[in-house]
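Participant: Handing you this structure, nothing more for now.
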Amino acid sequence: MGLTVNVKWIGVALGLLVGLLSRDAAAQASNPNVLWQIVHGQCVPDQRQHRDPKPCAVVNLAAGFAVLKDISGATQFLLIPTRQIGGIESPSLLALFAANYFADAWQARGLVETALGHAMPRDMLSLAINSESGRTQDQLHIHIDCIRADVRDALLSERPNIGWRWTALKTPLAGHPYRAMRVTGPTLFGHNPFKLLAWGEPGARADMGPHTLVVVGMVFDGRVPGFIILDDHADLAHGDWGSGEELQDHACALGH
């Protein structure tokens with residue numbers, strides 16, 4: 001599946017977005033439709049009319065997604081469907097022929113590497129979607145960025161114990177109890193994290209909203225490419241908002 005990438009806009013997208021998005025988090029939270037307005041109102045029409053996805057870096061009309069440079073961090077990008085989907089709680093994500101947006105997000109990781117100016121090992125790159133309570137936008141978006149160095153170290157340590165079924169990690173990540181499972185393969189095509197969670201965790205399918213998902217590239221047994229998929233469940237009473245984005249490093253210390 002090809003990406004229509006306009007590389008020149010990667011460097012200038014942030015500047016263009018300053019006029020569209022407030023840098024103040026509270027202001028963003030007051031307009032939970034900003035991402036949808038940008039993708040639906042600007043990126044998609046520009047791609048259709050001018051074959052230029054600005055202010056997005058990518059618009060793939062056939063696959064139904066756009067990739068937008070986030071205003072936070074130098075390397076963070078967001079994959080956003082071109083049709084309106086609320087978030088992880090949307091039943092459409094579990095439909096029989098639902099798009100695998102995580103697979104598309106992993107294929108777009110090259111934008112992070114372009115922003116850094118060099119390639120990155122797969123175990124330094126990650127994808128994250130926040131829970132319904134842990135997000136500020138009501139259009140589904142997957143964060144594409146570097147993983148935190150301490151999280152990478154913890155996953156490398158626990159890697160031998162992470163199997164094909166969901167199991168609790170021994171080590172909290174960012175102070176929160178995550179569950180993990182592994183899948184193998186160079187891409188996520190054939191492995192949809194939304195469905196792996198919905199059908200693999202008791203009760204998840206009926207109530208996806210409190211869950212957050214994080215996917216980290218990994219190599220198993222020294223040579224087998226794959227992924228560690230992480231899940232946490234929001235627990236507001238204990239200060240856990242279910243924001244898997246907390247495991248990412250938008251300053252990308254591992255890339256410098």
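Here, A, B, ... name the chains of the structure tokens in the order displayed, residue numbers run from 1 inside each chain, and ligands are numbered from 1 in the same displayed order.
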Identify, on the basis of only C-alpha atoms, every residue whose closest approach to Arg223 of chain A does not exceed 12 Å; exclude the query and any residue fewer than 2 positions from it along the same chain; express the result as a list in words.
Facilitator: Thr184, Gly185, Pro186, Met218, Val219, Phe220, Asp221, Pro225 and Gly226 of chain A
Participant: Please save C-alpha atoms of the selected residues as a PDB file, in the first residue's frame.
Facilitator:
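Result went into result.pdb, see below:
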ATOM      1  CA  THR A 184       5.832 -11.552  14.914  1.00  0.00           C
ATOM      2  CA  GLY A 185       6.308 -10.262  11.407  1.00  0.00           C
ATOM      3  CA  PRO A 186       7.931  -7.183   9.873  1.00  0.00           C
ATOM      4  CA  MET A 218      10.810  -5.482  18.634  1.00  0.00           C
ATOM      5  CA  VAL A 219      13.200  -8.226  17.555  1.00  0.00           C
ATOM      6  CA  PHE A 220      12.810 -11.664  19.141  1.00  0.00           C
ATOM      7  CA  ASP A 221      15.453 -14.364  19.461  1.00  0.00           C
ATOM      8  CA  PRO A 225      11.071  -9.026  13.703  1.00  0.00           C
ATOM      9  CA  GLY A 226       7.846  -8.392  15.543  1.00  0.00           C
TER      10      GLY A 226
END
Participant: Skipping near chain neighbours, those fewer than 2 positions away, what residues fall within 12 Å of segment 33-37 of chain A using only C-alpha atoms, listed as a PyMOL selection string?
Facilitator: chain A and resi 17+19-22+27-31+39-45+55-56+65-71+78-87+135-142
Participant: Could those selected residues go to a file with N, CA and C atoms, as a compact mmCIF listing (two decimals), in the first residue's frame?
Facilitator:
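This is the output file selection-v5.txt:
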# COMPACT_ATOMS: atom_id res chain seq x y z
N LEU A 17 0.53 24.96 11.13
CA LEU A 17 -0.47 24.59 12.13
C LEU A 17 -0.55 25.58 13.28
N GLY A 19 -1.14 28.61 13.25
CA GLY A 19 -2.31 29.45 13.06
C GLY A 19 -3.61 28.70 13.19
N LEU A 20 -3.55 27.37 13.19
CA LEU A 20 -4.76 26.56 13.24
C LEU A 20 -5.00 25.98 14.62
N LEU A 21 -3.93 25.64 15.31
CA LEU A 21 -4.03 25.00 16.62
C LEU A 21 -3.36 25.86 17.68
N SER A 22 -4.01 26.04 18.80
CA SER A 22 -3.37 26.74 19.90
C SER A 22 -2.33 25.84 20.52
N ALA A 27 -6.68 25.07 25.47
CA ALA A 27 -7.39 25.55 24.29
C ALA A 27 -7.70 24.41 23.34
N GLN A 28 -6.76 23.49 23.17
CA GLN A 28 -7.02 22.33 22.33
C GLN A 28 -8.16 21.51 22.89
N ALA A 29 -8.14 21.30 24.20
CA ALA A 29 -9.18 20.49 24.82
C ALA A 29 -10.55 21.12 24.65
N SER A 30 -10.62 22.45 24.55
CA SER A 30 -11.90 23.13 24.40
C SER A 30 -12.48 22.93 23.01
N ASN A 31 -11.68 22.49 22.07
CA ASN A 31 -12.16 22.18 20.73
C ASN A 31 -11.72 20.77 20.37
N VAL A 39 -8.07 17.66 8.93
CA VAL A 39 -8.00 16.58 7.94
C VAL A 39 -9.15 16.68 6.94
N HIS A 40 -10.37 16.80 7.44
CA HIS A 40 -11.55 16.81 6.58
C HIS A 40 -11.69 18.11 5.80
N GLY A 41 -11.33 19.23 6.47
CA GLY A 41 -11.55 20.54 5.86
C GLY A 41 -10.40 21.05 5.01
N GLN A 42 -9.18 20.53 5.22
CA GLN A 42 -8.03 21.06 4.50
C GLN A 42 -7.22 19.98 3.77
N CYS A 43 -6.75 18.98 4.52
CA CYS A 43 -5.83 18.01 3.91
C CYS A 43 -6.49 17.22 2.78
N VAL A 44 -7.67 16.70 3.04
CA VAL A 44 -8.34 15.89 2.03
C VAL A 44 -8.73 16.72 0.81
N PRO A 45 -9.35 17.90 0.98
CA PRO A 45 -9.64 18.72 -0.20
C PRO A 45 -8.38 19.12 -0.97
N PRO A 55 -2.15 20.90 5.09
CA PRO A 55 -0.98 20.90 5.98
C PRO A 55 -0.57 19.52 6.48
N CYS A 56 -1.20 18.44 6.00
CA CYS A 56 -0.75 17.10 6.36
C CYS A 56 0.52 16.75 5.59
N PHE A 65 -6.70 7.36 5.16
CA PHE A 65 -6.04 7.97 6.31
C PHE A 65 -5.16 9.13 5.87
N ALA A 66 -4.88 9.99 6.83
CA ALA A 66 -3.93 11.09 6.66
C ALA A 66 -2.90 11.00 7.78
N VAL A 67 -1.74 11.59 7.55
CA VAL A 67 -0.72 11.69 8.60
C VAL A 67 -0.35 13.16 8.74
N LEU A 68 -0.45 13.65 9.96
CA LEU A 68 -0.27 15.07 10.27
C LEU A 68 0.86 15.23 11.27
N LYS A 69 1.73 16.20 11.06
CA LYS A 69 2.75 16.54 12.06
C LYS A 69 2.08 17.15 13.26
N ASP A 70 2.32 16.58 14.44
CA ASP A 70 1.76 17.14 15.66
C ASP A 70 2.51 18.40 16.06
N ILE A 71 1.83 19.29 16.77
CA ILE A 71 2.50 20.53 17.20
C ILE A 71 3.45 20.28 18.36
N LEU A 78 0.78 12.10 13.67
CA LEU A 78 -0.49 11.49 14.00
C LEU A 78 -1.11 10.88 12.76
N LEU A 79 -1.49 9.61 12.83
CA LEU A 79 -2.29 9.01 11.77
C LEU A 79 -3.75 9.20 12.13
N ILE A 80 -4.51 9.75 11.17
CA ILE A 80 -5.90 10.12 11.40
C ILE A 80 -6.76 9.59 10.25
N PRO A 81 -7.80 8.82 10.53
CA PRO A 81 -8.68 8.37 9.46
C PRO A 81 -9.33 9.54 8.73
N THR A 82 -9.61 9.36 7.46
CA THR A 82 -10.27 10.42 6.68
C THR A 82 -11.78 10.33 6.78
N ARG A 83 -12.28 9.35 7.52
CA ARG A 83 -13.70 9.34 7.85
C ARG A 83 -13.82 9.52 9.36
N GLN A 84 -14.96 10.01 9.79
CA GLN A 84 -15.11 10.39 11.19
C GLN A 84 -15.27 9.15 12.07
N ILE A 85 -14.32 8.97 12.97
CA ILE A 85 -14.33 7.87 13.94
C ILE A 85 -13.95 8.47 15.29
N GLY A 86 -14.76 8.25 16.30
CA GLY A 86 -14.53 8.92 17.58
C GLY A 86 -13.22 8.54 18.24
N GLY A 87 -12.97 7.25 18.40
CA GLY A 87 -11.76 6.83 19.10
C GLY A 87 -11.77 5.34 19.31
N ARG A 135 -7.76 11.35 26.34
CA ARG A 135 -7.51 12.10 25.10
C ARG A 135 -8.22 13.44 25.14
N THR A 136 -7.80 14.35 24.28
CA THR A 136 -8.44 15.65 24.18
C THR A 136 -9.17 15.83 22.86
N GLN A 137 -8.97 14.91 21.91
CA GLN A 137 -9.59 15.01 20.59
C GLN A 137 -10.57 13.87 20.36
N ASP A 138 -11.68 14.18 19.70
CA ASP A 138 -12.71 13.18 19.45
C ASP A 138 -12.69 12.66 18.02
N GLN A 139 -11.52 12.72 17.39
CA GLN A 139 -11.30 12.02 16.13
C GLN A 139 -10.15 11.05 16.37
N LEU A 140 -10.35 9.80 16.01
CA LEU A 140 -9.34 8.78 16.24
C LEU A 140 -8.00 9.23 15.67
N HIS A 141 -6.95 9.07 16.46
CA HIS A 141 -5.61 9.39 15.99
C HIS A 141 -4.61 8.51 16.73
N ILE A 142 -3.63 8.04 15.99
CA ILE A 142 -2.57 7.20 16.54
C ILE A 142 -1.27 7.99 16.54
Participant: May I ask for the distance between atom CA of Trp164 of chain A and atom CA of Ala180 of chain A, given in Å to one decimal place?
Facilitator: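 About the pair atom CA of Trp164 of chain A and atom CA of Ala180 of chain A: they are 8.9 Å apart.
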Participant: I need the residues in segment 38-251 of chain A that are alpha helix (DSSP H) according to DSSP; give them as a PyMOL selection string.
Facilitator: chain A and resi 38+44-50+101-107+110-116+149-158+193-200
Participant: Please save C-alpha atoms of the selected residues as a CSV table (one decimal), in the first residue's frame.
Facilitator:
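Output contents, as saved in again-v4.csv:
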chain,number,residue,atom,x,y,z
A,38,ILE,CA,-7.9,20.0,9.7
A,44,VAL,CA,-8.3,15.9,2.0
A,45,PRO,CA,-9.6,18.7,-0.2
A,46,ASP,CA,-6.1,19.8,-1.0
A,47,GLN,CA,-5.1,16.3,-1.9
A,48,ARG,CA,-8.2,15.8,-4.1
A,49,GLN,CA,-7.9,19.2,-5.8
A,50,HIS,CA,-4.2,19.9,-6.0
A,101,TYR,CA,-4.9,1.8,11.2
A,102,PHE,CA,-2.1,0.5,13.4
A,103,ALA,CA,-0.6,-1.2,10.4
A,104,ASP,CA,-0.8,2.0,8.3
A,105,ALA,CA,0.7,4.0,11.2
A,106,TRP,CA,3.7,1.6,11.4
A,107,GLN,CA,4.3,2.0,7.6
A,110,GLY,CA,9.6,6.8,8.1
A,111,LEU,CA,8.3,10.3,8.7
A,112,VAL,CA,9.8,10.1,12.2
A,113,GLU,CA,13.1,8.9,10.7
A,114,THR,CA,13.0,11.7,8.1
A,115,ALA,CA,12.5,14.3,10.9
A,116,LEU,CA,15.5,12.8,12.7
A,149,ALA,CA,14.4,5.0,26.8
A,150,ASP,CA,13.3,3.7,30.2
A,151,VAL,CA,10.3,1.9,28.7
A,152,ARG,CA,12.5,0.4,26.0
A,153,ASP,CA,14.9,-0.9,28.7
A,154,ALA,CA,12.0,-2.4,30.6
A,155,LEU,CA,10.5,-4.1,27.6
A,156,LEU,CA,13.9,-5.5,26.5
A,157,SER,CA,14.3,-6.9,30.1
A,158,GLU,CA,10.8,-8.5,30.1
A,193,PRO,CA,-4.2,-4.5,17.9
A,194,PHE,CA,-7.8,-3.3,18.3
A,195,LYS,CA,-9.0,-6.8,17.6
A,196,LEU,CA,-6.3,-8.5,19.5
A,197,LEU,CA,-7.4,-6.5,22.6
A,198,ALA,CA,-11.1,-6.9,22.0
A,199,TRP,CA,-11.0,-10.7,21.7
A,200,GLY,CA,-8.0,-11.4,23.9
Participant: For the atom pair atom CA of His250 of chain A and atom CA of Leu125 of chain A, what is the interatomic distance in Å to one decimal place?
Facilitator: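 If I compute the distance from atom CA of His250 of chain A to atom CA of Leu125 of chain A, I get 11.1 Å.
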Participant: For atom CA of Thr187 of chain A and atom CA of Asn100 of chain A, quote the distance in Å rounded to one decimal.
Facilitator: 11.2 Å
Participant: List the neighbours of Leu173 of chain A out to 12 Å using only C-alpha atoms; skip same-chain residues closer than 2 positions along the sequence, and give me the result as a PyMOL selection string.
Facilitator: chain A and resi 147-155+158+168-171+175-180+214+230-232+240+242-248
Participant: Give me a file of those residues, with C-alpha atoms, as a PDB file, in the first residue's frame.
Facilitator:
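Final file, selection.pdb:
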ATOM      1  CA  ILE A 147       9.610   5.200  22.702  1.00  0.00           C
ATOM      2  CA  ARG A 148      10.936   6.407  26.048  1.00  0.00           C
ATOM      3  CA  ALA A 149      14.387   5.039  26.832  1.00  0.00           C
ATOM      4  CA  ASP A 150      13.316   3.651  30.220  1.00  0.00           C
ATOM      5  CA  VAL A 151      10.298   1.940  28.662  1.00  0.00           C
ATOM      6  CA  ARG A 152      12.494   0.364  25.985  1.00  0.00           C
ATOM      7  CA  ASP A 153      14.879  -0.907  28.666  1.00  0.00           C
ATOM      8  CA  ALA A 154      11.987  -2.401  30.638  1.00  0.00           C
ATOM      9  CA  LEU A 155      10.544  -4.142  27.567  1.00  0.00           C
ATOM     10  CA  GLU A 158      10.778  -8.479  30.060  1.00  0.00           C
ATOM     11  CA  ALA A 168       0.679  -8.518  33.169  1.00  0.00           C
ATOM     12  CA  LEU A 169       4.168  -7.058  33.048  1.00  0.00           C
ATOM     13  CA  LYS A 170       6.205  -7.370  36.221  1.00  0.00           C
ATOM     14  CA  THR A 171       7.531  -3.845  35.758  1.00  0.00           C
ATOM     15  CA  GLY A 175       4.066   4.053  37.031  1.00  0.00           C
ATOM     16  CA  HIS A 176       1.109   2.155  35.581  1.00  0.00           C
ATOM     17  CA  PRO A 177       0.338  -1.579  35.270  1.00  0.00           C
ATOM     18  CA  TYR A 178       0.424  -2.595  31.620  1.00  0.00           C
ATOM     19  CA  ARG A 179      -0.397  -5.939  30.031  1.00  0.00           C
ATOM     20  CA  ALA A 180       1.604  -7.167  27.066  1.00  0.00           C
ATOM     21  CA  VAL A 214       0.760   1.021  22.600  1.00  0.00           C
ATOM     22  CA  LEU A 230       0.739  -3.047  25.395  1.00  0.00           C
ATOM     23  CA  ASP A 231      -2.630  -2.399  27.022  1.00  0.00           C
ATOM     24  CA  ASP A 232      -3.566  -0.384  30.081  1.00  0.00           C
ATOM     25  CA  ASP A 240      -4.340   6.536  35.632  1.00  0.00           C
ATOM     26  CA  GLY A 242      -5.235   5.437  30.252  1.00  0.00           C
ATOM     27  CA  SER A 243      -2.913   7.553  28.132  1.00  0.00           C
ATOM     28  CA  GLY A 244      -0.491   5.211  26.417  1.00  0.00           C
ATOM     29  CA  GLU A 245       1.143   8.248  24.873  1.00  0.00           C
ATOM     30  CA  GLU A 246       2.906   8.579  28.237  1.00  0.00           C
ATOM     31  CA  LEU A 247       5.264   5.824  27.081  1.00  0.00           C
ATOM     32  CA  GLN A 248       6.491   7.894  24.143  1.00  0.00           C
TER      33      GLN A 248
END
Participant: With only C-alpha atoms as the basis for distance, which of A:Met124, A:Ala74, A:Ala237, A:Ser131 is at the shortest distance from Asp207 of chain A?
Facilitator: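 Among A:Met124, A:Ala74, A:Ala237, A:Ser131, it is A:Ser131 that comes nearest to Asp207 of chain A.
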Participant: Determine which residues of segment 31-234 of chain A DSSP labels as strand (DSSP E) from the backbone of this structure, then write them out as a PyMOL selection string.
Facilitator: chain A and resi 58-60+65-69+77-81+125-129+142-146+167-168+179-184+211-220+224-233
